[in-house]
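Following: one structure in structure tokens, then a few remarks.
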Amino acid sequence: MNSGSAADFTQINQFTNSSSGQSDSWNNKRIVIHVDLNSFYPSCEELRLPLLMGKPHAVIMTHEEQGRITKGVVASCSYEAKKLGVKSAMPLTSALKACPDLILNRVDIPYYLSISEKVLNILHDYSDILEQTSIDEAYLDCSKKIHALTIHKDQARDADDSSLTTRPSKIESNAINNLSYSHLIEDFAISIKNKIKKECGLLTSVGVASTKSIAKIASDFRKPDGLTIVLPTEIPNFLQNLEVERISGIGTITRRSLKLMGIETIGQLATTDVQILVQRFGNKYGIRMWKIAKGLDEDLVQPRGEHISLSTEYTLPAITNDQETLLAHFNALTDELFRRIQRKGYRFRTVGIKLVHADFVVETRERSYLRHQETRQSISNAIPGLLQKFYSTTSERQEMQVVTDIIEDKSSNCSTDLFVNAPVRKIGIRISNLILKRGSGLEDGQSSMLDYL
């Protein structure tokens, strides 16, 4: 939240069709809402210390637990800091050069999770299906709720207009129906934003569309405190001139490859022969990009269910191959994952990490303890050694000594001899071989809202 730079009113972008006689009805269409909590970590810090509002401040990922913060990486920063050149994933030394008066706070994942849970409880009430994709983002499928509101409104209107002898034409009915949906959807989305602001003190950017990917692009369209609604028939117009990197998953490497093919906008991507994309990027990724550009993706909003393992992932603000930066990110993820393990009453034996490279190649490393563990340190102690394996040559990996009480489990996709030249775009931690603690009072399968994180 940053009231100093946010507008006093919600900025709304409605992409409507002005062509007469064409229905923009949401009938038989999914209504997907993507909610993005703006500058979430710094906003949480402002809730805790309101004096930070309007000032340049940043949340730092660091191994230093007490005293003055002297090294680390910027996890997120306030809008005032962004205006001065501070960016996410920037080393602390560079951030302080850009803004010498930058106020620093350590990453506090347990505190941020507690705020996130409050938001989740609000979103749960508004959604038919809720999918939490990260600590500060979620998808809501609201189709049934909004369709039901429309039916209720139409029934009330019919009762009021029972004396009318002239009925609207089919075209007029479509226009009235679309107007009803548009107003209800706008009111519905504004209600979500207002409730989160009132009860949690946070600003949100919200996107509404008939697919998950377009809803995500719409929520990113204007920040902070934006609301963008894309009607089903207006998806091509909305996407036409947007940069291809607005599609989730298209990063620097893919953008450059597309540019070499003469593709810089989503509109250009949509008109490209899908076979050309498949030949260049592979069947799965090529078709996915093309379908999103065409507004044809069919990904469902799905809650995260129970699994035999617990995991968490984080997409880095900028690709990197710096070990210290990666360890700082892993440290923050460890806090989040350990909190879930404690809450569910699990003990674990295997710790694994995942790196997704800039070219989308995925590599994993795992290690298993001889006995089940239940401390945060048991996770954090394993990560540096696992990360080092990505940097080591094949012969060095074979010569490594196993840490006391740990046996190496397995690694996958480790054909590369050196990782150091392959920058990373996403990281993840996975805890497996789980058992419930005796006397934990938790039954297998029990979950809470935070299990979606």
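Going through the structure tokens in order, the chains are called A, B, and so on, while each chain numbers its residues from 1 and the ligands are numbered from 1 in the order shown.
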Among range 209-359 of chain A, which residues carry a DSSP assignment of strand (DSSP E), reported as a ChimeraX atom specification?
/A:209,226-230,310-320,346-357
Write out the residues from the selection above, keeping C-alpha atoms, as a compact mmCIF listing (two decimals), in the first residue's frame.
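Resulting contents of part.txt:
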# COMPACT_ATOMS: atom_id res chain seq x y z
CA ALA A 209 -11.47 -11.69 -18.20
CA GLY A 226 -6.04 -0.49 -11.07
CA LEU A 227 -9.08 -2.38 -12.34
CA THR A 228 -9.13 -3.61 -15.94
CA ILE A 229 -12.11 -5.54 -17.31
CA VAL A 230 -11.72 -7.22 -20.70
CA LEU A 310 4.87 -29.85 0.32
CA SER A 311 6.51 -27.36 -2.00
CA THR A 312 6.76 -23.69 -2.76
CA GLU A 313 8.12 -21.76 -5.73
CA TYR A 314 9.16 -18.20 -6.48
CA THR A 315 9.70 -16.45 -9.81
CA LEU A 316 12.71 -14.18 -9.49
CA PRO A 317 12.23 -10.49 -10.34
CA ALA A 318 15.27 -10.77 -12.61
CA ILE A 319 17.23 -13.77 -13.89
CA THR A 320 20.49 -14.40 -12.05
CA TYR A 346 4.48 -32.98 9.64
CA ARG A 347 7.97 -34.37 10.02
CA PHE A 348 10.05 -34.87 6.86
CA ARG A 349 13.03 -36.77 5.58
CA THR A 350 13.81 -35.38 2.11
CA VAL A 351 14.72 -31.83 1.09
CA GLY A 352 14.89 -30.87 -2.58
CA ILE A 353 15.41 -27.69 -4.55
CA LYS A 354 14.46 -26.80 -8.12
CA LEU A 355 15.95 -24.28 -10.51
CA VAL A 356 14.20 -23.21 -13.70
CA HIS A 357 16.74 -21.75 -16.11
Using only C-alpha atoms, what table do you get, as JSON lines, when you list each residue of range 36-151 of chain A with an atom no more than 9 Å from range 185-194 of chain A, its nearest pair of atoms, and their distance in Å rounded to one decimal, rows by chain then rising number?
{"residue": "A:Ile122", "atom": "CA", "partner": "A:Ile192", "partner_atom": "CA", "distance": 7.8}
{"residue": "A:Leu123", "atom": "CA", "partner": "A:Ile192", "partner_atom": "CA", "distance": 7.4}
{"residue": "A:Tyr126", "atom": "CA", "partner": "A:Ile192", "partner_atom": "CA", "distance": 7.5}
{"residue": "A:Ile146", "atom": "CA", "partner": "A:Ile185", "partner_atom": "CA", "distance": 7.0}
Residue nearest Glu298 in chain A - candidates A:Lys284, A:Lys426, A:Arg106, A:Lys212, atoms counted: only C-alpha atoms:
A:Lys212
Given only C-alpha atoms as the counted atoms, nearest of A:Ala422, A:Ala332, A:Leu231, A:Val74 to Tyr111 in chain A
A:Ala332
Which of these, A:Ser257, A:Leu277, A:Ile31, A:Ala58, has the shortest distance to Leu184 in chain A once you count only C-alpha atoms?
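Closest candidate: A:Ile31.
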Quick one: residues within 10 Å of Lys197 in chain A, only C-alpha atoms, excluding same-chain residues fewer than 6 positions away - as a list in words?
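Residues near the query, excluding close chain neighbours: Met1, Val119, Ser191, Leu203, Thr204 and Asp225 of chain A.
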Close residues, Lys29 in chain A itself excluded, 9 Å, only C-alpha atoms, min 5 positions apart in chain, as JSON, numbers by chain:
{"A": [143, 210, 211, 232]}
Output N, CA and C atoms for every residue in that selection, as an mmCIF file, in the first residue's frame.
data_model
loop_
_atom_site.group_PDB
_atom_site.id
_atom_site.type_symbol
_atom_site.label_atom_id
_atom_site.label_comp_id
_atom_site.auth_asym_id
_atom_site.auth_seq_id
_atom_site.Cartn_x
_atom_site.Cartn_y
_atom_site.Cartn_z
ATOM 1 N N SER A 143 -17.689 -17.277 -11.785
ATOM 2 C CA SER A 143 -18.732 -17.429 -12.795
ATOM 3 C C SER A 143 -20.100 -17.682 -12.188
ATOM 4 N N SER A 210 -12.218 -13.665 -19.370
ATOM 5 C CA SER A 210 -12.815 -14.994 -19.476
ATOM 6 C C SER A 210 -11.776 -16.104 -19.418
ATOM 7 N N THR A 211 -10.480 -15.767 -19.324
ATOM 8 C CA THR A 211 -9.414 -16.765 -19.170
ATOM 9 C C THR A 211 -8.439 -16.299 -18.095
ATOM 10 N N PRO A 232 -15.176 -10.543 -23.351
ATOM 11 C CA PRO A 232 -14.753 -11.683 -24.179
ATOM 12 C C PRO A 232 -14.501 -11.327 -25.638
#
Near-Lys145 in chain A list (9 Å; only C-alpha atoms; drop same-chain fewer than 5 positions) as a VMD selection string:
chain A and resid 126 to 128 150
Atomic separation - CA of Glu366 in chain A relative to CA of Ile427 in chain A, Å
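CA of Glu366 in chain A lies 13.7 Å from CA of Ile427 in chain A.
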